[in-house]
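Asker: For reference, the file final31.pdb (PDB, C-alpha atoms, pLDDT in the B column) is included below:
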ATOM      1  CA  MET Z   1      23.946 -18.326   3.735  1.00 80.00           C
ATOM      2  CA  LYS Z   2      20.733 -16.867   5.131  1.00 93.00           C
ATOM      3  CA  THR Z   3      17.526 -16.473   3.124  1.00 95.00           C
ATOM      4  CA  MET Z   4      14.319 -14.551   3.807  1.00 94.00           C
ATOM      5  CA  LEU Z   5      10.975 -14.002   2.085  1.00 94.00           C
ATOM      6  CA  ASP Z   6       9.384 -10.628   2.814  1.00 93.00           C
ATOM      7  CA  ASN Z   7       6.411  -8.358   2.182  1.00 90.00           C
ATOM      8  CA  PRO Z   8       7.688  -4.998   3.471  1.00 92.00           C
ATOM      9  CA  HIS Z   9       5.369  -2.464   5.066  1.00 86.00           C
ATOM     10  CA  GLY Z  10       4.612   0.521   2.859  1.00 82.00           C
ATOM     11  CA  VAL Z  11       3.756  -1.523  -0.229  1.00 85.00           C
ATOM     12  CA  ALA Z  12       0.376  -3.187  -0.692  1.00 80.00           C
ATOM     13  CA  ALA Z  13       0.514  -6.889   0.139  1.00 76.00           C
ATOM     14  CA  PRO Z  14       0.553  -9.286  -2.811  1.00 79.00           C
ATOM     15  CA  PHE Z  15      -2.861 -10.367  -4.003  1.00 71.00           C
ATOM     16  CA  GLY Z  16      -4.265 -12.966  -1.651  1.00 64.00           C
ATOM     17  CA  ASP Z  17      -0.889 -13.206   0.115  1.00 72.00           C
ATOM     18  CA  ARG Z  18      -0.020 -15.960  -2.347  1.00 80.00           C
ATOM     19  CA  PHE Z  19       3.638 -14.979  -2.691  1.00 89.00           C
ATOM     20  CA  ALA Z  20       6.363 -12.756  -1.282  1.00 92.00           C
ATOM     21  CA  HIS Z  21       7.342  -9.465  -2.928  1.00 94.00           C
ATOM     22  CA  VAL Z  22      11.025  -9.959  -2.052  1.00 95.00           C
ATOM     23  CA  ALA Z  23      13.309 -12.975  -1.788  1.00 94.00           C
ATOM     24  CA  ARG Z  24      16.582 -12.024  -0.069  1.00 96.00           C
ATOM     25  CA  VAL Z  25      19.800 -14.024   0.041  1.00 96.00           C
ATOM     26  CA  ASP Z  26      22.400 -12.651   2.450  1.00 95.00           C
ATOM     27  CA  LEU Z  27      25.853 -13.291   1.043  1.00 94.00           C
ATOM     28  CA  THR Z  28      28.869 -14.549   2.944  1.00 91.00           C
ATOM     29  CA  GLY Z  29      31.082 -11.552   3.689  1.00 88.00           C
ATOM     30  CA  GLY Z  30      28.214  -9.054   3.595  1.00 92.00           C
ATOM     31  CA  GLY Z  31      25.767  -7.689   1.110  1.00 95.00           C
ATOM     32  CA  ALA Z  32      22.726  -9.429  -0.284  1.00 97.00           C
ATOM     33  CA  LEU Z  33      20.955 -10.378  -3.457  1.00 98.00           C
ATOM     34  CA  LEU Z  34      17.295  -9.350  -3.820  1.00 98.00           C
ATOM     35  CA  MET Z  35      14.875 -10.970  -6.249  1.00 98.00           C
ATOM     36  CA  LEU Z  36      11.587  -9.125  -6.563  1.00 98.00           C
ATOM     37  CA  SER Z  37       8.356 -10.689  -7.730  1.00 96.00           C
ATOM     38  CA  GLY Z  38       6.803  -9.145 -10.796  1.00 96.00           C
ATOM     39  CA  GLN Z  39       5.247  -5.773  -9.984  1.00 96.00           C
ATOM     40  CA  VAL Z  40       2.219  -4.326 -11.730  1.00 96.00           C
ATOM     41  CA  ALA Z  41       0.984  -0.748 -11.460  1.00 97.00           C
ATOM     42  CA  VAL Z  42      -1.371  -0.803  -8.499  1.00 94.00           C
ATOM     43  CA  ASP Z  43      -2.138   1.782  -5.850  1.00 93.00           C
ATOM     44  CA  ASP Z  44      -2.087   1.143  -2.105  1.00 88.00           C
ATOM     45  CA  ALA Z  45      -5.593  -0.341  -2.307  1.00 88.00           C
ATOM     46  CA  GLY Z  46      -4.562  -2.781  -5.048  1.00 88.00           C
ATOM     47  CA  ALA Z  47      -6.403  -1.025  -7.906  1.00 93.00           C
ATOM     48  CA  VAL Z  48      -4.702  -0.782 -11.303  1.00 96.00           C
ATOM     49  CA  VAL Z  49      -3.216   2.673 -11.932  1.00 97.00           C
ATOM     50  CA  ALA Z  50      -3.885   4.236 -15.364  1.00 98.00           C
ATOM     51  CA  PRO Z  51      -5.404   1.168 -17.074  1.00 98.00           C
ATOM     52  CA  GLY Z  52      -3.897   0.696 -20.527  1.00 96.00           C
ATOM     53  CA  ASP Z  53      -1.306   3.508 -20.147  1.00 98.00           C
ATOM     54  CA  ALA Z  54       2.159   1.925 -20.357  1.00 98.00           C
ATOM     55  CA  GLY Z  55       4.067   5.109 -19.526  1.00 98.00           C
ATOM     56  CA  ARG Z  56       2.099   5.932 -16.398  1.00 98.00           C
ATOM     57  CA  GLN Z  57       2.128   2.292 -15.317  1.00 98.00           C
ATOM     58  CA  ALA Z  58       5.914   2.155 -15.739  1.00 98.00           C
ATOM     59  CA  GLU Z  59       6.253   5.180 -13.432  1.00 98.00           C
ATOM     60  CA  GLN Z  60       4.121   3.486 -10.761  1.00 98.00           C
ATOM     61  CA  ILE Z  61       5.930   0.170 -11.119  1.00 98.00           C
ATOM     62  CA  PHE Z  62       9.382   1.699 -10.699  1.00 98.00           C
ATOM     63  CA  ASP Z  63       8.104   3.647  -7.683  1.00 97.00           C
ATOM     64  CA  LEU Z  64       6.918   0.373  -6.121  1.00 96.00           C
ATOM     65  CA  ILE Z  65      10.195  -1.353  -6.964  1.00 97.00           C
ATOM     66  CA  GLY Z  66      12.130   1.530  -5.419  1.00 97.00           C
ATOM     67  CA  ARG Z  67      10.100   1.240  -2.210  1.00 96.00           C
ATOM     68  CA  LEU Z  68      10.621  -2.533  -2.005  1.00 96.00           C
ATOM     69  CA  LEU Z  69      14.359  -2.146  -2.543  1.00 97.00           C
ATOM     70  CA  ALA Z  70      14.591   0.642   0.059  1.00 96.00           C
ATOM     71  CA  ALA Z  71      12.981  -1.642   2.633  1.00 95.00           C
ATOM     72  CA  HIS Z  72      16.059  -3.855   2.247  1.00 96.00           C
ATOM     73  CA  GLY Z  73      18.725  -1.151   2.169  1.00 95.00           C
ATOM     74  CA  ALA Z  74      19.009  -1.007  -1.616  1.00 96.00           C
ATOM     75  CA  ASP Z  75      17.966   1.378  -4.348  1.00 96.00           C
ATOM     76  CA  LEU Z  76      17.479   1.400  -8.099  1.00 96.00           C
ATOM     77  CA  HIS Z  77      21.241   1.871  -8.608  1.00 95.00           C
ATOM     78  CA  GLY Z  78      21.712  -1.699  -7.342  1.00 96.00           C
ATOM     79  CA  VAL Z  79      19.467  -3.257 -10.004  1.00 98.00           C
ATOM     80  CA  LEU Z  80      21.384  -5.892 -11.956  1.00 98.00           C
ATOM     81  CA  HIS Z  81      18.630  -7.351 -14.156  1.00 98.00           C
ATOM     82  CA  ILE Z  82      15.180  -6.249 -15.302  1.00 98.00           C
ATOM     83  CA  ARG Z  83      12.592  -8.651 -16.729  1.00 98.00           C
ATOM     84  CA  THR Z  84       9.589  -6.991 -18.357  1.00 98.00           C
ATOM     85  CA  PHE Z  85       6.350  -8.558 -19.544  1.00 98.00           C
ATOM     86  CA  MET Z  86       4.256  -6.375 -21.876  1.00 98.00           C
ATOM     87  CA  THR Z  87       0.845  -7.068 -23.362  1.00 98.00           C
ATOM     88  CA  SER Z  88       1.922  -5.193 -26.514  1.00 98.00           C
ATOM     89  CA  LEU Z  89       5.381  -4.389 -27.795  1.00 98.00           C
ATOM     90  CA  ASP Z  90       3.731  -1.343 -29.388  1.00 98.00           C
ATOM     91  CA  ASP Z  91       4.043   0.170 -25.867  1.00 98.00           C
ATOM     92  CA  LEU Z  92       7.814  -0.293 -25.855  1.00 98.00           C
ATOM     93  CA  ALA Z  93       8.602   3.369 -26.587  1.00 98.00           C
ATOM     94  CA  ALA Z  94       6.466   4.643 -23.672  1.00 98.00           C
ATOM     95  CA  TYR Z  95       7.973   2.076 -21.322  1.00 98.00           C
ATOM     96  CA  ALA Z  96      11.531   2.714 -22.536  1.00 97.00           C
ATOM     97  CA  LYS Z  97      11.177   6.467 -21.998  1.00 98.00           C
ATOM     98  CA  VAL Z  98      10.385   5.961 -18.305  1.00 98.00           C
ATOM     99  CA  ARG Z  99      12.953   3.210 -17.874  1.00 97.00           C
ATOM    100  CA  ASN Z 100      15.678   5.381 -19.405  1.00 96.00           C
ATOM    101  CA  GLU Z 101      14.800   8.167 -16.949  1.00 97.00           C
ATOM    102  CA  VAL Z 102      15.084   5.718 -14.035  1.00 97.00           C
ATOM    103  CA  PHE Z 103      18.264   3.911 -15.127  1.00 96.00           C
ATOM    104  CA  THR Z 104      20.793   6.479 -16.306  1.00 94.00           C
ATOM    105  CA  SER Z 105      24.010   4.497 -15.768  1.00 91.00           C
ATOM    106  CA  THR Z 106      26.072   3.227 -18.677  1.00 91.00           C
ATOM    107  CA  PRO Z 107      25.659   0.440 -19.311  1.00 95.00           C
ATOM    108  CA  PRO Z 108      22.136   0.021 -17.927  1.00 95.00           C
ATOM    109  CA  PRO Z 109      21.107  -3.205 -16.148  1.00 97.00           C
ATOM    110  CA  ALA Z 110      20.860  -6.469 -18.044  1.00 98.00           C
ATOM    111  CA  SER Z 111      17.382  -6.847 -19.491  1.00 97.00           C
ATOM    112  CA  THR Z 112      14.773  -9.188 -20.903  1.00 98.00           C
ATOM    113  CA  THR Z 113      11.507  -7.934 -22.429  1.00 98.00           C
ATOM    114  CA  VAL Z 114       8.778 -10.200 -23.764  1.00 98.00           C
ATOM    115  CA  GLU Z 115       5.270  -9.759 -25.100  1.00 98.00           C
ATOM    116  CA  VAL Z 116       2.579 -11.801 -23.375  1.00 98.00           C
ATOM    117  CA  GLY Z 117      -1.086 -12.424 -24.181  1.00 97.00           C
ATOM    118  CA  ARG Z 118      -2.349 -10.858 -20.963  1.00 96.00           C
ATOM    119  CA  LEU Z 119      -1.517 -10.135 -17.352  1.00 96.00           C
ATOM    120  CA  PHE Z 120      -3.477 -11.250 -14.307  1.00 91.00           C
ATOM    121  CA  LEU Z 121      -5.169  -7.875 -13.655  1.00 93.00           C
ATOM    122  CA  PRO Z 122      -7.449  -6.317 -16.277  1.00 95.00           C
ATOM    123  CA  GLY Z 123      -5.991  -2.985 -17.422  1.00 97.00           C
ATOM    124  CA  ALA Z 124      -2.421  -3.885 -16.463  1.00 97.00           C
ATOM    125  CA  VAL Z 125      -0.192  -3.711 -19.531  1.00 98.00           C
ATOM    126  CA  LEU Z 126       3.235  -4.139 -17.847  1.00 98.00           C
ATOM    127  CA  GLU Z 127       4.763  -6.391 -15.222  1.00 98.00           C
ATOM    128  CA  VAL Z 128       8.373  -5.843 -14.149  1.00 98.00           C
ATOM    129  CA  GLU Z 129      10.609  -7.941 -11.927  1.00 98.00           C
ATOM    130  CA  VAL Z 130      14.151  -7.124 -10.932  1.00 98.00           C
ATOM    131  CA  THR Z 131      17.187  -8.665  -9.333  1.00 98.00           C
ATOM    132  CA  ALA Z 132      19.277  -6.228  -7.285  1.00 98.00           C
ATOM    133  CA  ALA Z 133      22.357  -6.194  -5.089  1.00 97.00           C
ATOM    134  CA  VAL Z 134      22.628  -4.716  -1.619  1.00 95.00           C
ATOM    135  CA  ALA Z 135      26.124  -3.443  -0.916  1.00 90.00           C
ATOM    136  CA  ALA Z 136      28.023  -4.841   2.055  1.00 86.00           C
ATOM    137  CA  PRO Z 137      28.031  -2.470   5.044  1.00 81.00           C
TER
END
Could you take the file, read its structure, and then write that structure out as structure tokens?
Answerer:
Amino acid sequence: MKTMLDNPHGVAAPFGDRFAHVARVDLTGGGALLMLSGQVAVDDAGAVVAPGDAGRQAEQIFDLIGRLLAAHGADLHGVLHIRTFMTSLDDLAAYAKVRNEVFTSTPPPASTTVEVGRLFLPGAVLEVEVTAAVAAP
């Protein structure tokens, strides 16, 4: 089994380079498992996108997740589990609308959603992490 920690080009580096965006485990027989760090809605300069707007932030987050997965030969169709942290469950409808547009398969990925007191960046109202599979070649 081979493992790798990665910060792919094309996505802003994690804040202070304190962690990796992607942990990859290559599986025996081909394919891989990807575990992404929690993503918040930031632009390429690291500024929060649409402070306080859960719907717009969800769009940006899933764009970032898609780019991180693509860097490892995967896409959103390979997502197995989604873990979402929200500063208010009152934003669930706005988040769910975007998520349902992104994940159209039946059934959708396994999921956990929790409300938290705050996130590490002011204005960020969502943080999403995923686990995804990369198909064997």
Asker: May I ask for the distance between CA of Gly73 (chain Z) and CA of Asn7 (chain Z), given in Å to one decimal place?
Answerer: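 Interatomic distance here is 14.3 Å.
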Asker: List, as a PyMOL selection string, every residue that the PyMOL selection byres ((chain Z and resi 47-62) around 10) selects in the file provided.
Answerer: chain Z and resi 38-46+63-68+76+86-88+90-99+101-102+121-129
Asker: When distances are computed from all atoms listed in the file, which of Z:Val22, Z:Val116, Z:Ala132, Z:Ala70 shows the smallest separation from Ile82 (chain Z)?
Answerer: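 Using all atoms listed in the file, the shortest distance to Ile82 (chain Z) belongs to Z:Ala132.
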Asker: Produce the centre coordinates and the three edge lengths, each in Å to one decimal, of the box along x, y and z that contains all listed atoms of region 20-30 of chain Z with 3 Å added on each side, as AutoDock Vina command-line options.
Answerer:
--center_x 18.7 --center_y -11.8 --center_z 0.4 --size_x 30.7 --size_y 11.5 --size_z 12.6
Asker: Just give me the gap between CA of His9 (chain Z) and CA of Leu34 (chain Z) in Å, one decimal is fine.
Answerer: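 Separating CA of His9 (chain Z) from CA of Leu34 (chain Z) is a distance of 16.4 Å.
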Asker: Between Z:Leu69, Z:Met1, Z:Thr106, Z:Arg118, which residue has the minimum interatomic distance to Phe85 (chain Z), considering only C-alpha atoms?
Answerer: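 Ranked by minimum distance to Phe85 (chain Z), first place goes to Z:Arg118.
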Asker: Tell me, in Å to one decimal, how far CA of Ser111 (chain Z) is from CA of Gly10 (chain Z).
Answerer: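 Here the two named atoms are 26.8 Å from each other.
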Asker: For His21 (chain Z), which residue out of Z:Val79, Z:Ala136, Z:Asp6, Z:Thr84 is the nearest one, using only C-alpha atoms?
Answerer: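 The closest residue to His21 (chain Z) is Z:Asp6.
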Asker: Under the PyMOL selection byres ((chain Z and resi 35) around 7), which residues of this model are included? Write them out as a PyMOL selection string.
Answerer: chain Z and resi 22-24+33-34+36-37+130-132
Asker: Using only C-alpha atoms, find the one residue out of Z:Asn100, Z:Pro14, Z:Lys2, Z:Pro8 that sits nearest to Leu27 (chain Z).
Answerer: Z:Lys2
Asker: Can you work out which one of Z:Ala71, Z:Phe120, Z:Gly30, Z:Ser105 has the shortest atom-to-atom distance to Pro137 (chain Z), counting all atoms listed in the file?
Answerer: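 Distance minimum relative to Pro137 (chain Z) lands on Z:Gly30.
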Asker: In terms of the shortest atom-to-atom distance over all atoms listed in the file, which of Z:Gly31, Z:Pro107, Z:Thr113, Z:Leu89 is closest to Ala133 (chain Z)?
Answerer: Z:Gly31
